[in-house]
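Undergrad: query19.cif (mmCIF, C-alpha atoms) pasted underneath:
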data_run
#
loop_
_atom_site.label_atom_id
_atom_site.label_comp_id
_atom_site.auth_asym_id
_atom_site.auth_seq_id
_atom_site.Cartn_x
_atom_site.Cartn_y
_atom_site.Cartn_z
CA MET A 1 108.43 135.09 90.46
CA ARG A 2 107.98 137.58 87.61
CA SER A 3 110.93 139.63 88.72
CA LYS A 4 113.07 136.47 88.91
CA THR A 5 112.07 135.56 85.34
CA ALA A 6 112.82 139.12 84.20
CA LEU A 7 116.25 138.94 85.87
CA LEU A 8 117.04 135.61 84.23
CA PHE A 9 115.98 137.07 80.89
CA VAL A 10 118.26 140.06 81.37
CA ILE A 11 121.15 137.81 82.39
CA ALA A 12 120.55 135.52 79.41
CA THR A 13 120.38 138.47 77.05
CA LEU A 14 123.63 139.94 78.39
CA ALA A 15 125.34 136.56 78.23
CA CYS A 16 124.17 136.16 74.66
CA ALA A 17 125.34 139.61 73.70
CA ALA A 18 128.70 139.00 75.35
CA ALA A 19 129.06 135.70 73.51
CA SER A 20 128.22 137.38 70.19
CA VAL A 21 130.79 140.09 70.80
CA ALA A 22 133.39 137.46 71.72
CA ILE A 23 132.64 135.48 68.56
CA ALA A 24 132.79 138.62 66.42
CA PHE A 25 136.12 139.67 67.96
CA GLY A 26 137.41 136.16 67.52
CA ARG A 27 136.52 136.16 63.84
CA GLU A 28 138.11 139.53 63.32
CA ALA A 29 141.29 138.41 65.06
CA GLU A 30 141.30 135.25 62.95
CA ALA A 31 140.85 137.19 59.72
CA SER A 32 143.45 139.80 60.60
CA THR A 33 146.13 137.23 61.42
CA ALA A 34 145.47 135.18 58.30
CA TYR A 35 147.61 137.58 56.26
CA VAL A 36 150.86 139.46 56.68
CA GLN A 37 149.82 142.71 58.37
CA ASN A 38 152.94 144.84 57.99
CA ILE A 39 155.69 145.35 55.45
CA PRO A 40 158.74 143.50 56.82
CA ARG A 41 161.46 145.93 57.86
CA GLY A 42 164.55 146.29 55.70
CA TYR A 43 163.26 144.15 52.83
CA ARG A 44 164.91 146.44 50.23
CA ASP A 45 168.30 145.42 51.63
CA TRP A 46 167.70 141.72 51.18
CA LYS A 47 169.64 139.51 48.80
CA LEU A 48 168.45 138.69 45.32
CA ILE A 49 166.67 135.39 44.66
CA SER A 50 165.76 136.05 41.04
CA VAL A 51 164.22 138.40 38.49
CA ALA A 52 161.19 138.05 36.21
CA ARG A 53 159.09 139.77 33.60
CA GLU A 54 155.31 139.64 33.45
CA GLU A 55 153.57 140.65 30.24
CA GLY A 56 149.79 141.03 29.85
CA GLU A 57 147.83 143.10 32.33
CA LEU A 58 150.60 143.07 34.91
CA ASP A 59 153.18 144.37 32.39
CA ASP A 60 156.07 144.77 34.81
CA ILE A 61 159.66 143.76 35.54
CA ARG A 62 160.26 142.31 38.98
CA ALA A 63 162.78 141.18 41.52
CA VAL A 64 162.33 138.58 44.23
CA LEU A 65 164.43 139.10 47.37
CA GLY A 66 164.80 136.96 50.46
CA ASN A 67 165.73 137.54 54.09
CA GLU A 68 168.77 135.66 55.44
CA ILE A 69 166.71 132.61 56.45
CA ALA A 70 165.12 132.34 53.00
CA ILE A 71 168.38 132.87 51.10
CA LYS A 72 170.21 130.25 53.18
CA ALA A 73 167.42 127.73 52.54
CA TYR A 74 167.43 128.48 48.82
CA ARG A 75 171.20 128.07 48.54
CA GLU A 76 171.16 124.84 50.51
CA GLY A 77 168.15 123.55 48.60
CA LYS A 78 166.35 123.11 51.91
CA LEU A 79 162.60 122.35 51.75
CA PRO A 80 160.27 123.13 53.41
CA PHE A 81 161.55 126.64 54.17
CA PRO A 82 162.38 127.15 57.84
CA GLU A 83 160.30 129.26 60.24
CA GLY A 84 160.96 132.95 59.77
CA ALA A 85 161.80 132.76 56.08
CA ILE A 86 160.42 135.75 54.17
CA ILE A 87 160.25 136.20 50.41
CA ALA A 88 159.58 139.64 48.93
CA ARG A 89 158.31 140.42 45.44
CA LEU A 90 159.03 143.92 44.13
CA ALA A 91 157.83 145.10 40.72
CA TRP A 92 158.32 148.11 38.51
CA THR A 93 156.98 149.58 35.30
CA PHE A 94 158.62 147.96 32.26
CA LEU A 95 160.16 151.10 30.82
CA PRO A 96 161.95 151.40 27.45
CA SER A 97 165.32 153.07 27.97
CA GLU A 98 166.14 155.61 25.28
CA GLU A 99 169.51 156.13 26.92
CA ASN A 100 170.45 152.45 26.71
CA ASN A 101 168.99 152.09 23.22
CA SER A 102 171.11 154.96 22.03
CA ALA A 103 174.21 153.27 23.48
CA PHE A 104 173.34 149.89 21.95
CA GLY A 105 172.40 151.54 18.66
CA ARG A 106 168.96 149.90 18.55
CA ALA A 107 165.69 149.71 20.51
CA GLN A 108 166.19 146.68 22.73
CA SER A 109 166.52 147.88 26.31
CA TYR A 110 163.94 148.00 29.11
CA VAL A 111 164.61 149.10 32.66
CA ALA A 112 162.70 149.43 35.92
CA GLY A 113 160.52 152.54 35.97
CA PRO A 114 158.31 153.63 38.89
CA PRO A 115 157.03 150.90 41.27
CA LYS A 116 154.01 148.96 39.97
CA ASN A 117 151.64 146.18 41.06
CA GLY A 118 152.36 146.61 44.74
CA LEU A 119 154.71 144.84 47.11
CA GLN A 120 154.14 141.19 48.01
CA PHE A 121 155.48 139.06 50.84
CA MET A 122 155.35 135.44 51.95
CA VAL A 123 156.19 134.90 55.61
CA LYS A 124 156.81 131.39 56.94
CA ASP A 125 155.08 130.71 60.27
CA SER A 126 153.70 127.18 60.35
CA LYS A 127 151.43 127.75 63.34
CA LYS A 128 150.10 131.21 62.58
CA TYR A 129 149.48 130.46 58.93
CA ALA A 130 148.66 126.74 59.21
CA ALA A 131 145.52 127.20 57.11
CA THR A 132 147.51 128.45 54.11
CA GLY A 133 150.35 125.95 53.94
CA GLY A 134 152.40 127.59 56.69
CA TRP A 135 152.91 130.81 54.73
CA GLY A 136 151.25 134.14 55.40
CA TYR A 137 150.64 136.29 52.34
CA GLY A 138 150.66 140.06 52.15
CA HIS A 139 150.07 142.48 49.30
CA PHE A 140 150.64 146.20 49.86
CA GLU A 141 149.73 149.12 47.63
CA ASP A 142 151.32 152.41 48.69
CA GLY A 143 152.08 150.86 52.06
CA LYS A 144 148.48 149.76 52.66
CA LEU A 145 147.43 146.12 52.97
CA ALA A 146 145.16 144.96 50.15
CA ASP A 147 141.59 143.91 50.90
CA GLU A 148 140.42 140.41 51.77
CA SER A 149 139.28 139.55 48.23
CA MET A 150 142.76 140.21 46.87
CA LEU A 151 144.61 138.51 49.73
CA SER A 152 142.44 135.40 49.69
CA SER A 153 143.47 134.80 46.06
CA CYS A 154 147.14 134.19 46.94
CA PHE A 155 147.06 130.73 48.47
CA PRO A 156 144.76 129.01 45.94
CA CYS A 157 147.34 129.89 43.27
CA HIS A 158 150.43 128.96 45.29
CA GLN A 159 148.79 125.67 46.25
CA ALA A 160 149.83 124.28 42.85
CA LEU A 161 153.46 124.42 44.02
CA LYS A 162 153.03 122.24 47.11
CA THR A 163 156.07 120.12 46.24
CA ARG A 164 158.25 123.25 46.38
CA ASP A 165 156.66 124.44 49.63
CA TYR A 166 154.27 126.71 47.70
CA VAL A 167 157.06 128.93 46.32
CA PHE A 168 157.10 129.81 42.63
CA THR A 169 160.45 131.56 42.29
CA LYS A 170 163.60 129.50 41.81
CA TYR A 171 167.03 130.81 42.80
CA ALA A 172 168.96 132.42 39.93
CA HIS A 173 172.49 131.03 39.96
CA MET B 1 241.49 149.87 21.29
CA ARG B 2 239.54 147.22 19.42
CA SER B 3 238.75 145.29 22.60
CA LYS B 4 237.57 148.51 24.24
CA THR B 5 235.18 149.15 21.32
CA ALA B 6 233.96 145.58 21.50
CA LEU B 7 233.37 145.94 25.23
CA LEU B 8 231.41 149.15 24.72
CA PHE B 9 229.37 147.43 22.02
CA VAL B 10 228.53 144.55 24.36
CA ILE B 11 227.58 146.95 27.15
CA ALA B 12 225.41 149.02 24.82
CA THR B 13 223.70 145.89 23.50
CA LEU B 14 223.00 144.62 27.01
CA ALA B 15 221.71 148.02 28.11
CA CYS B 16 219.49 148.14 25.07
CA ALA B 17 218.12 144.66 25.70
CA ALA B 18 217.52 145.49 29.35
CA ALA B 19 215.67 148.65 28.38
CA SER B 20 213.51 146.74 25.88
CA VAL B 21 212.63 144.15 28.51
CA ALA B 22 211.77 146.94 30.97
CA ILE B 23 209.55 148.65 28.41
CA ALA B 24 207.84 145.39 27.49
CA PHE B 25 207.18 144.57 31.16
CA GLY B 26 205.91 148.09 31.71
CA ARG B 27 203.47 147.82 28.84
CA GLU B 28 202.22 144.48 30.03
CA ALA B 29 201.69 145.82 33.55
CA GLU B 30 199.87 148.82 32.15
CA ALA B 31 197.58 146.70 30.00
CA SER B 32 196.80 144.25 32.77
CA THR B 33 195.80 146.92 35.27
CA ALA B 34 193.59 148.78 32.79
CA TYR B 35 190.74 146.34 33.49
CA VAL B 36 189.26 144.59 36.51
CA GLN B 37 191.31 141.41 36.79
CA ASN B 38 189.29 139.34 39.23
CA ILE B 39 185.63 138.77 40.05
CA PRO B 40 184.98 140.78 43.24
CA ARG B 41 184.33 138.48 46.19
CA GLY B 42 180.80 138.08 47.50
CA TYR B 43 179.13 140.03 44.69
CA ARG B 44 176.11 137.66 44.66
CA ASP B 45 175.28 138.85 48.20
CA TRP B 46 175.18 142.52 47.25
CA LYS B 47 172.06 144.64 47.37
CA LEU B 48 169.87 145.25 44.36
CA ILE B 49 170.27 148.45 42.37
CA SER B 50 167.83 147.60 39.59
CA VAL B 51 166.67 145.09 36.98
CA ALA B 52 166.53 145.23 33.19
CA ARG B 53 165.65 143.32 30.07
CA GLU B 54 167.70 143.33 26.87
CA GLU B 55 166.09 142.11 23.67
CA GLY B 56 167.94 141.63 20.37
CA GLU B 57 171.14 139.64 20.27
CA LEU B 58 171.67 139.87 24.03
CA ASP B 59 168.16 138.51 24.77
CA ASP B 60 168.50 138.32 28.54
CA ILE B 61 167.02 139.46 31.84
CA ARG B 62 169.44 141.11 34.22
CA ALA B 63 170.07 142.43 37.68
CA VAL B 64 172.48 145.14 38.73
CA LEU B 65 173.87 144.85 42.25
CA GLY B 66 176.13 147.15 44.22
CA ASN B 67 178.57 146.79 47.09
CA GLU B 68 177.89 148.81 50.25
CA ILE B 69 179.81 151.86 48.99
CA ALA B 70 177.90 151.91 45.70
CA ILE B 71 174.48 151.36 47.31
CA LYS B 72 175.07 154.13 49.85
CA ALA B 73 176.07 156.55 47.08
CA TYR B 74 173.03 155.60 45.00
CA ARG B 75 170.64 156.10 47.92
CA GLU B 76 172.19 159.43 48.84
CA GLY B 77 172.33 160.52 45.21
CA LYS B 78 176.04 161.09 45.61
CA LEU B 79 178.04 161.73 42.41
CA PRO B 80 180.74 160.98 41.48
CA PHE B 81 180.74 157.56 43.14
CA PRO B 82 183.30 157.26 45.96
CA GLU B 83 186.49 155.24 45.73
CA GLY B 84 185.84 151.52 46.20
CA ALA B 85 182.33 151.55 44.76
CA ILE B 86 181.65 148.44 42.70
CA ILE B 87 178.68 147.79 40.42
CA ALA B 88 177.93 144.25 39.21
CA ARG B 89 175.83 143.26 36.23
CA LEU B 90 174.45 139.71 36.25
CA ALA B 91 172.36 138.33 33.38
CA TRP B 92 170.35 135.22 32.67
CA THR B 93 168.51 133.56 29.81
CA PHE B 94 165.04 135.08 29.33
CA LEU B 95 163.07 131.91 29.94
CA PRO B 96 159.29 131.46 29.48
CA SER B 97 157.83 129.92 32.64
CA GLU B 98 155.22 127.26 31.91
CA GLU B 99 154.64 126.92 35.62
CA ASN B 100 153.83 130.60 36.10
CA ASN B 101 151.81 130.76 32.89
CA SER B 102 149.69 127.89 34.08
CA ALA B 103 149.06 129.74 37.38
CA PHE B 104 148.22 133.00 35.62
CA GLY B 105 146.09 131.19 33.05
CA ARG B 106 147.93 132.69 30.09
CA ALA B 107 151.41 132.91 28.52
CA GLN B 108 152.88 136.06 30.04
CA SER B 109 155.63 135.05 32.42
CA TYR B 110 159.41 135.01 31.90
CA VAL B 111 161.98 134.10 34.52
CA ALA B 112 165.76 133.89 34.85
CA GLY B 113 167.12 130.73 33.25
CA PRO B 114 170.81 129.74 33.15
CA PRO B 115 173.40 132.55 33.32
CA LYS B 116 174.03 134.33 30.02
CA ASN B 117 176.21 137.10 28.55
CA GLY B 118 178.82 136.90 31.28
CA LEU B 119 179.37 138.85 34.46
CA GLN B 120 180.34 142.51 34.31
CA PHE B 121 181.85 144.81 36.92
CA MET B 122 182.73 148.48 37.24
CA VAL B 123 185.23 149.24 40.00
CA LYS B 124 185.86 152.83 41.09
CA ASP B 125 189.54 153.62 41.54
CA SER B 126 190.31 157.10 40.28
CA LYS B 127 194.09 156.64 40.17
CA LYS B 128 194.30 153.11 38.83
CA TYR B 129 191.65 153.65 36.18
CA ALA B 130 192.24 157.36 35.48
CA ALA B 131 192.35 156.73 31.72
CA THR B 132 188.77 155.37 31.73
CA GLY B 133 186.94 157.92 33.82
CA GLY B 134 188.07 156.49 37.15
CA TRP B 135 186.26 153.19 36.60
CA GLY B 136 187.85 149.87 35.81
CA TYR B 137 185.77 147.53 33.66
CA GLY B 138 185.69 143.76 33.77
CA HIS B 139 183.76 141.17 31.79
CA PHE B 140 183.99 137.51 32.76
CA GLU B 141 182.76 134.45 30.91
CA ASP B 142 182.82 131.26 32.98
CA GLY B 143 185.08 133.02 35.45
CA LYS B 144 187.61 134.04 32.77
CA LEU B 145 188.38 137.66 31.92
CA ALA B 146 187.33 138.60 28.38
CA ASP B 147 189.95 139.61 25.84
CA GLU B 148 191.25 143.11 25.19
CA SER B 149 188.98 143.75 22.19
CA MET B 150 185.88 143.11 24.29
CA LEU B 151 187.11 145.01 27.35
CA SER B 152 188.23 148.05 25.40
CA SER B 153 184.67 148.49 24.13
CA CYS B 154 183.26 149.27 27.61
CA PHE B 155 184.47 152.77 28.24
CA PRO B 156 183.66 154.30 24.83
CA CYS B 157 180.03 153.37 25.44
CA HIS B 158 179.90 154.48 29.09
CA GLN B 159 181.53 157.78 28.13
CA ALA B 160 178.10 159.00 26.95
CA LEU B 161 176.99 159.02 30.62
CA LYS B 162 179.72 161.36 31.90
CA THR B 163 177.19 163.52 33.79
CA ARG B 164 176.16 160.46 35.83
CA ASP B 165 179.75 159.38 36.45
CA TYR B 166 179.61 156.96 33.49
CA VAL B 167 176.95 154.75 35.09
CA PHE B 168 173.91 153.67 33.06
CA THR B 169 171.76 152.00 35.71
CA LYS B 170 169.52 154.14 37.91
CA TYR B 171 168.42 152.96 41.35
CA ALA B 172 164.98 151.24 41.38
CA HIS B 173 162.96 152.72 44.24
#
Take the structure from the file and write it as structure tokens.
TA:
Amino acid sequence: MRSKTALLFVIATLACAAASVAIAFGREAEASTAYVQNIPRGYRDWKLISVAREEGELDDIRAVLGNEIAIKAYREGKLPFPEGAIIARLAWTFLPSEENNSAFGRAQSYVAGPPKNGLQFMVKDSKKYAATGGWGYGHFEDGKLADESMLSSCFPCHQALKTRDYVFTKYAH
Amino acid sequence: MRSKTALLFVIATLACAAASVAIAFGREAEASTAYVQNIPRGYRDWKLISVAREEGELDDIRAVLGNEIAIKAYREGKLPFPEGAIIARLAWTFLPSEENNSAFGRAQSYVAGPPKNGLQFMVKDSKKYAATGGWGYGHFEDGKLADESMLSSCFPCHQALKTRDYVFTKYAH
């Protein structure tokens, strides 16, 4: 009888441990798929959606590009964006251009310097990213995905733009 | 004898008139081919070279795009640019974005508003535009080519950049 109890205990312990491992793996998988994991290939070749300038702490000049699916939706005014749409945000140092200023005859010109403030992407996949409005968010610094605290701040901000399918940037005609 | 003189006079007058017409046509043809006459097709689909901001009277935010030949040359650092390279300069009103500011929690964000300051192009054709460093210049407002006084101001300014084949904009990596 004692040995049977001991065996049951061992089995229960193993089952418990296995369940814990499964839950832990599950959580990890859930967390890792909640954001865009890799920089989409060829994004630098994509077409231009618009440009912007951020002052303050960001202090950059930026371009927003879209893959073919995103650009087509923008041009057709199609909302929500279709599955597979990807929007990329590139940003650079806001650099005064002595060369341009000299040509214009006054200090007025700023160009894109070295990259700044990372690379950001929104990837439309309604199932995979159902918890964040159907968009996965990714922020990369030197090719490396940002940490959870940074990534989890994307959606709460974009949520304000629900009527435009959570997308801030408008197409520059 | 008198009728012969009269005939010679008529012939000379006609020859002279014909020559004047030929010269006038020649001049017109020369002037009209000195600049880019038409907006290159599909330029809005071209890849991004860089972005910029002009303060002062221009007060705009801009993007510089390139056709495949131009982009390839930029990425390979190839100078001078090959025949057929075209560089496009688009510009828009520098518009404060209340929407973005509200998301960021402070006034710092500017986006592209309506188009501004026309569309500009540089087209590489060493023979056709030999007199202006091998580049033809074009400036269009509402689809219409600017007048001679505006167009003739392009090259004198770009001439300062002879060592970079007369091109101001550097590629934004």
Undergrad: Expanded to explicit residues, what is the PyMOL selection byres ((chain A) within 7 of (chain B)) for this file, as a ChimeraX atom specification?
TA: /A:45-48,50-56,103,108-112,115,157,172-173
Undergrad: Do you have the atom CA of A:Phe81-atom CA of A:Arg164 distance handy?
TA: 9.1 Å
Undergrad: Could you state the separation of atom CA of B:Asn38 and atom CA of B:Ile86 in Å, given to one decimal place?
TA: 12.4 Å
Undergrad: What does the distance from atom CA of B:Lys116 to atom CA of B:Asp142 come to in Å, to one decimal?
TA: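 Rounded to one decimal, the two atoms are 9.8 Å apart.
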Undergrad: Give as a CSV table (one decimal) with C-alpha atoms, in the frame of the given file the residues that the PyMOL selection byres ((chain B and resi 35) around 6) matches when applied to the coordinates above.
TA:
chain,number,residue,atom,x,y,z
B,33,THR,CA,195.8,146.9,35.3
B,34,ALA,CA,193.6,148.8,32.8
B,36,VAL,CA,189.3,144.6,36.5
B,37,GLN,CA,191.3,141.4,36.8
B,136,GLY,CA,187.8,149.9,35.8
B,137,TYR,CA,185.8,147.5,33.7
B,138,GLY,CA,185.7,143.8,33.8
Undergrad: Can you work out which one of B:Ala146, B:Ala130, B:Val167, B:Ser153 has the shortest atom-to-atom distance to B:Ala70, counting all atoms listed in the file?
TA: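 For B:Ala70, the nearest of the candidates is B:Val167.
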Undergrad: Closest to A:Arg89 among A:Gly77, A:Gly42, A:Gly118, A:Gly143, using all atoms listed in the file?
TA: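 Of all the options, A:Gly118 lies closest to A:Arg89.
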Undergrad: Which residue, A:Cys154, A:Arg75, A:Ala85, A:Phe140, has the smallest gap to A:Asp125 when you use all atoms listed in the file?
TA: A:Ala85
Undergrad: Take stretch 39-50 of chain B from the block and save it with C-alpha atoms, as a PDB file, in the first residue's frame.
TA:
ATOM      1  CA  ILE B  39       6.464  64.707 -65.469  1.00  0.00           C
ATOM      2  CA  PRO B  40       8.126  61.266 -65.594  1.00  0.00           C
ATOM      3  CA  ARG B  41       5.544  58.492 -65.425  1.00  0.00           C
ATOM      4  CA  GLY B  42       5.131  56.524 -62.208  1.00  0.00           C
ATOM      5  CA  TYR B  43       7.437  58.714 -60.128  1.00  0.00           C
ATOM      6  CA  ARG B  44       5.192  58.354 -57.024  1.00  0.00           C
ATOM      7  CA  ASP B  45       6.015  54.620 -57.004  1.00  0.00           C
ATOM      8  CA  TRP B  46       9.770  55.154 -56.930  1.00  0.00           C
ATOM      9  CA  LYS B  47      11.970  54.170 -54.022  1.00  0.00           C
ATOM     10  CA  LEU B  48      12.993  56.584 -51.307  1.00  0.00           C
ATOM     11  CA  ILE B  49      16.378  58.286 -51.481  1.00  0.00           C
ATOM     12  CA  SER B  50      15.923  60.566 -48.480  1.00  0.00           C
TER      13      SER B  50
END
